[in-house]
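Beneath this line is the structure, given in structure tokens, with notes to follow.
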Amino acid sequence: MIIEIGHYALVLALAAALIVSILPVIGARRGDTALMQTAVNGTFALFGLVLLAFGVLTHAYLVSDFSLLNVYQNSHSLMPTVYRFAAVWGNHEGSMMLWLLILTLFSAMVALFGRNLPDRLRANVLAVQAWITTAFLLFILLTSNPFIRLFPAPAEGQDLNPVLQDPGLAIHPPLLYLGYVGFSVCFSFAIAALMDGRIDAAWARWVRPWTLAAWTFLTAGIAMGSYWAYYELGWGGWWFWDPVENASFMPWLAGTALLHSALVMEKRDALKIWTVLLAILTFSLSLLGTFLVRSGVLTSVHAFATDPTRGIFILCILIFFIGGALFLFMLRAPMLKTGGLFQPISREGALVLNNLILTVSTATVLIGTLYPLLLETLTGDKISVGPPFFNLTFGLLMIPLIVAIPFGPMMAWKRGDLLGALQRLYLVAGVAFLAGLALFYAKNGGPVMAVLGLAAGFFIMLGAIADLWYRAAFGKQRLNIAFRRLIGLPRSAFGTALAHFGFGVTVLGIVAVTTFQSEKVVEMTPGKTTEAGGYSLTFDGLRSGKGPNYTEDRGHFTVRRGGVEIADVWSSKRLYTARRMPTTEAGILTFGLSQLYVSLGDPMDGGGMVVRIWWKPYILCIWGGALVMMLGGFVSLSDRRLRVGAPRRKAAPVQAKHVAAAE
């Protein structure tokens, strides 16, 4: 009975979504406050119904209700509880339910925290959110229903894909969807503003917190997914330009551009048309990523769906929302005022350069991702666009962006002083180059150009610190006054500096691990020793083990340095009994910011094993930088100036009213 309640809640949610899709728009057109209020009440009801349905599905997994087809296909009674939670969204139907839940959560947050928005704007924004919700509710109910029953109920389930039985899966999809779906709010604000034909600096102020929140969560989701693939798949790589990885990276690039563009619009009332277009394109790329992952056109460890028929439905959603939004933009954009003017050498100019590079980079990734699919569709020919293409094109585009990042905060609004910014940053550039050179020689050399890459990472990091240094007027004011100025800076200033600093840390990690890493593939028998990254690894042999729903062979390695034993590491090959599917669990030892990575290969005649060993210097900087960027996002969100909505007008003092009446 409880399963039917969940299914019925989805049907009622569809009815609520249809109401919120229509009545508030009519109310906004007529100026009817009662009809516009249905957007708020209906959105809360919609979120409650979807939450109920999601809770029912989660309960079915926790109690192993195999009468539900979705649970039977993706769970097992011996599976640990944490993986039963992860299994809820570790499949196509469940992941779409998670998407829907987060979509309605953001809608409810707009209804709750958008009380200071104009009634007309809030009604239209919630209506657009309801349009998106309606589309995905129809998709779930018609093509991806998670509440289909089995009769008779099987005694046991088929287990979750072993690759997905990892704590990282419990974290990665929710974070990723919070970013993906969070951009729907920006999209809805853009469509609502185009419907009204009114876009100004206040609109940008309302959009920025939602953009920043979505960007922050998407940063965390991409970083978590990268680290999960790194340690779970046993291939030793942190990024492979997989099409599904690109599907999440493209909205991040466009969202970064939107974040900076909205800042220009808020501060200078400029780039209005461009900012609205970016808001549309960013969520459009999120929808495109959904199509790529859920349509079955891609084969990837990240892609859960393999049924191409579902892709037709998602393609229709894609055409309706992206095509409709761009058509509305085409009609309304000529009516919008261009906004304030500024000199090319200014902070606005630096942010425009940032936008230009980010959007071209997004287009590059988009072309490299879709071109093989389009070519195969049109001609039947299959080609592969892999890391060499992306590393060359994307890497070259990032060079001017990396150089420009520290200059932006040093520029004044409207009219900047490039020479003054150079004078402030020449010392930073010199120190960054020396730091890159020192790290290069500390790691016993490598490609000479790596010095510039390492220096670029240090340049961004030191540039972020220099921004705060000059804002606080260190060197110009007494030390105690400078510290007071530093403490008095708005939180958004610290958030921006942290985000830029974190990006520099990530760049440093990417360059260092690409330049200095080493890989060794050897056949090892018990007692054999090999060298990697200055450490000696001795293979002590295999031991059999058993987990709750798998058996495994665990390889034990003793790690020594200078002949002294300092650690040991286990690497294993597992066989999940229900699916008869093998996986590799890498053994990873962390030394500071570097890691020693050991992965077992195939057994050889004579009792030996193929072992792959990587030394990954400073690889933790890649994900550590992402964490710092995420922290910067949350620090900026805590700034009271970025609160959602516009400030309320203060009521006239009662005493003043009495005086006026007396006069």
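Ordering of the structure tokens sets the chain letters (A, B, ...), residue numbers begin anew at 1 in every chain, and ligands are numbered from 1 in the order given.
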
Check which residues of range 442-537 of chain A sit at most 10 Å from range 409-428 of chain A using only C-alpha atoms, and return one row each with the closest pair of atoms and their distance in Å to one decimal, ordered by chain and rising number, as a tab-separated table.
residue	atom	partner	partner_atom	distance
A:Phe458	CA	A:Val428	CA	8.7
A:Phe459	CA	A:Val428	CA	6.5
A:Ile460	CA	A:Val428	CA	9.1
A:Met461	CA	A:Val428	CA	9.4
A:Leu462	CA	A:Val428	CA	6.2
A:Gly463	CA	A:Val428	CA	6.5
A:Ala464	CA	A:Pro409	CA	8.5
A:Ile465	CA	A:Val428	CA	9.5
A:Ala466	CA	A:Val428	CA	7.6
A:Asp467	CA	A:Pro409	CA	6.4
A:Leu468	CA	A:Pro409	CA	9.4
A:Tyr470	CA	A:Arg424	CA	8.5
A:Arg471	CA	A:Met410	CA	9.2
A:Ala493	CA	A:Pro409	CA	9.6
A:Thr496	CA	A:Pro409	CA	9.2
A:Ala497	CA	A:Pro409	CA	9.2

>> Report as a VMD selection string all protein, DNA and RNA residues lying within 8 Å of Leu593 in chain A, evaluated on only C-alpha atoms, omitting residues in the same chain fewer than 4 positions from it.
In response: chain A and resid 617 to 621

Keeping C-alpha atoms, export the residues of the selection given above as an mmCIF file, in the first residue's frame.
data_model
loop_
_atom_site.group_PDB
_atom_site.id
_atom_site.type_symbol
_atom_site.label_atom_id
_atom_site.label_comp_id
_atom_site.auth_asym_id
_atom_site.auth_seq_id
_atom_site.Cartn_x
_atom_site.Cartn_y
_atom_site.Cartn_z
ATOM 1 C CA PRO A 617 53.042 14.279 -6.643
ATOM 2 C CA TYR A 618 50.779 17.068 -5.342
ATOM 3 C CA ILE A 619 47.677 15.432 -6.771
ATOM 4 C CA LEU A 620 45.613 16.346 -3.700
ATOM 5 C CA CYS A 621 46.015 19.999 -4.724
#

> If you run DSSP on this backbone, which residues of range 37-283 of chain A come out as alpha helix (DSSP H), and could you give them as a ChimeraX atom specification?
Replying inline: /A:37-62,69-74,81-88,92-113,119-143,167-196,201-232,243-268,272-283

>> At a cut-off of 9 Å, using only C-alpha atoms, what residues contact Ser384 in chain A? Leave out same-chain residues fewer than 2 positions from it and give the result as number ranges by chain.
In response: A: 372, 382, 386

List as a CSV table (one decimal) with N, CA and C atoms, in the first residue's frame the protein and nucleic acid residues near Arg561 in chain A, meaning an atom at most 10 Å away when only C-alpha atoms are counted, but skip any in the same chain fewer than 3 places from it.
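Listing of part_37.csv after writing:
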chain,number,residue,atom,x,y,z
A,531,GLU,N,60.7,-0.1,-7.2
A,531,GLU,CA,60.8,1.3,-6.7
A,531,GLU,C,59.7,2.2,-7.4
A,533,GLY,N,58.6,6.6,-7.0
A,533,GLY,CA,58.5,7.8,-6.3
A,533,GLY,C,59.4,7.9,-5.1
A,534,GLY,N,60.6,7.2,-5.1
A,534,GLY,CA,61.5,7.3,-4.0
A,534,GLY,C,61.2,6.3,-2.9
A,535,TYR,N,60.2,5.5,-3.1
A,535,TYR,CA,59.8,4.5,-2.1
A,535,TYR,C,60.0,3.1,-2.7
A,536,SER,N,60.2,2.1,-1.8
A,536,SER,CA,60.3,0.7,-2.2
A,536,SER,C,59.1,0.0,-1.8
A,537,LEU,N,58.5,-0.8,-2.7
A,537,LEU,CA,57.3,-1.6,-2.4
A,537,LEU,C,57.6,-3.0,-2.6
A,564,VAL,N,63.8,1.7,5.6
A,564,VAL,CA,63.0,1.6,6.8
A,564,VAL,C,61.6,1.5,6.5
A,565,GLU,N,60.9,0.5,7.1
A,565,GLU,CA,59.5,0.3,6.8
A,565,GLU,C,58.7,1.5,7.4
A,566,ILE,N,57.8,2.1,6.5
A,566,ILE,CA,57.1,3.3,7.0
A,566,ILE,C,55.6,3.1,6.9
A,567,ALA,N,55.1,2.1,6.1
A,567,ALA,CA,53.7,1.9,5.9
A,567,ALA,C,53.4,0.6,5.2

> Between CA of Phe44 in chain A and CA of Leu112 in chain A, what is the distance, to one decimal in Å?
Replying inline: 8.8 Å

> Contacts of Leu98 in chain A at 9 Å or less, counting only C-alpha atoms, minus same-chain residues fewer than 3 places along, as JSON, numbers by chain?
Replying inline: {"A": [54, 88, 89, 93, 94, 95, 101, 102, 103, 173, 174, 177]}

With C-alpha atoms retained, export the selected residues as an mmCIF file, in the first residue's frame.
data_model
loop_
_atom_site.group_PDB
_atom_site.id
_atom_site.type_symbol
_atom_site.label_atom_id
_atom_site.label_comp_id
_atom_site.auth_asym_id
_atom_site.auth_seq_id
_atom_site.Cartn_x
_atom_site.Cartn_y
_atom_site.Cartn_z
ATOM 1 C CA PHE A 54 10.958 10.110 -2.796
ATOM 2 C CA VAL A 88 18.043 5.048 -4.531
ATOM 3 C CA TRP A 89 19.726 7.372 -7.024
ATOM 4 C CA GLU A 93 14.611 6.047 -12.368
ATOM 5 C CA GLY A 94 15.914 6.916 -8.922
ATOM 6 C CA SER A 95 18.341 9.521 -10.215
ATOM 7 C CA LEU A 101 13.239 16.435 -5.672
ATOM 8 C CA ILE A 102 16.048 18.986 -5.937
ATOM 9 C CA LEU A 103 14.152 20.908 -8.621
ATOM 10 C CA PRO A 173 25.073 12.800 -7.427
ATOM 11 C CA PRO A 174 23.249 14.984 -4.859
ATOM 12 C CA TYR A 177 22.304 17.800 -9.083
#

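With only C-alpha atoms as the atoms that count, the residue of A:Ile322, A:Ala473, A:Val385, A:Ala123 with the shortest distance to Ile367 in chain A is A:Val385.
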
>> List as an MDAnalysis selection string the protein and nucleic acid residues near Trp239 in chain A, meaning an atom at most 10 Å away when only C-alpha atoms are counted, but skip any in the same chain fewer than 3 places from it.
In response: chainID A and resid 223 225:227 229:230 236 242 245:246 387

For the residues selected in the previous step, produce a file with N, CA and C atoms as a short mmCIF file (atom, residue, chain, number, x, y, z; two decimals), in the first residue's frame.
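Listed below is the output, part-v9.cif:
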data_model
loop_
_atom_site.label_atom_id
_atom_site.label_comp_id
_atom_site.auth_asym_id
_atom_site.auth_seq_id
_atom_site.Cartn_x
_atom_site.Cartn_y
_atom_site.Cartn_z
N ALA A 223 34.24 17.85 -8.39
CA ALA A 223 35.45 17.42 -7.68
C ALA A 223 35.24 16.05 -7.03
N GLY A 225 33.13 13.72 -7.97
CA GLY A 225 33.06 12.72 -9.03
C GLY A 225 34.43 12.38 -9.58
N SER A 226 35.28 13.40 -9.71
CA SER A 226 36.64 13.16 -10.18
C SER A 226 37.41 12.27 -9.21
N TYR A 227 37.30 12.58 -7.92
CA TYR A 227 38.04 11.78 -6.94
C TYR A 227 37.47 10.37 -6.84
N ALA A 229 36.07 8.60 -9.29
CA ALA A 229 36.57 7.84 -10.44
C ALA A 229 38.04 7.51 -10.27
N TYR A 230 38.78 8.41 -9.66
CA TYR A 230 40.23 8.20 -9.46
C TYR A 230 40.51 7.01 -8.57
N GLY A 236 43.88 5.16 -12.17
CA GLY A 236 44.90 6.13 -11.78
C GLY A 236 44.74 7.52 -12.35
N ASP A 242 35.86 12.30 -20.44
CA ASP A 242 34.73 11.44 -20.76
C ASP A 242 33.53 12.33 -21.13
N GLU A 245 31.62 13.36 -18.18
CA GLU A 245 32.36 14.36 -17.40
C GLU A 245 32.20 15.74 -18.04
N ASN A 246 32.31 15.78 -19.37
CA ASN A 246 32.15 17.05 -20.07
C ASN A 246 30.75 17.62 -19.89
N PRO A 387 41.52 12.96 -25.03
CA PRO A 387 42.32 13.93 -24.28
C PRO A 387 43.28 14.77 -25.11
#

>> Between A:Gly380, A:Pro406, A:Tyr231, A:Val360, which residue has the minimum interatomic distance to Gln595 in chain A, considering only C-alpha atoms?
In response: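 When distances to Gln595 in chain A are compared using only C-alpha atoms, the smallest one comes from A:Tyr231.
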
>> What does the structure give for the distance between CA of Asn355 in chain A and CA of Phe320 in chain A, in Å to one decimal?
In response: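 For CA of Asn355 in chain A relative to CA of Phe320 in chain A, the distance reads 26.6 Å.
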
If we count only C-alpha atoms and set the cut-off at 9 Å, which residues sit around Leu288 in chain A, ignoring sequence neighbours fewer than 2 positions away in its own chain? Please answer as a compact mmCIF listing (two decimals) with C-alpha atoms, in the first residue's frame.
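Full text of result.txt as output:
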# COMPACT_ATOMS: atom_id res chain seq x y z
CA ALA A 247 28.37 17.18 -19.62
CA PHE A 283 20.70 25.71 -17.74
CA SER A 284 20.37 24.62 -21.36
CA LEU A 285 23.76 22.93 -21.00
CA SER A 286 22.47 21.25 -17.82
CA THR A 290 20.77 15.21 -18.83
CA PHE A 291 20.02 14.18 -22.40
CA LEU A 292 23.52 12.77 -22.92
CA VAL A 293 23.48 10.79 -19.67
CA ILE A 314 14.22 14.20 -23.14
CA LEU A 315 15.05 15.53 -26.60
CA LEU A 318 15.34 19.96 -24.68

>> Between A:Leu178, A:Leu69, A:Ala28, A:His76, which residue has the minimum interatomic distance to Leu126 in chain A, considering only C-alpha atoms?
In response: A:Ala28

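Closest approach to Met630 in chain A among A:Ala213, A:Ile357, A:Val610, A:Leu452: A:Ala213, based on only C-alpha atoms.
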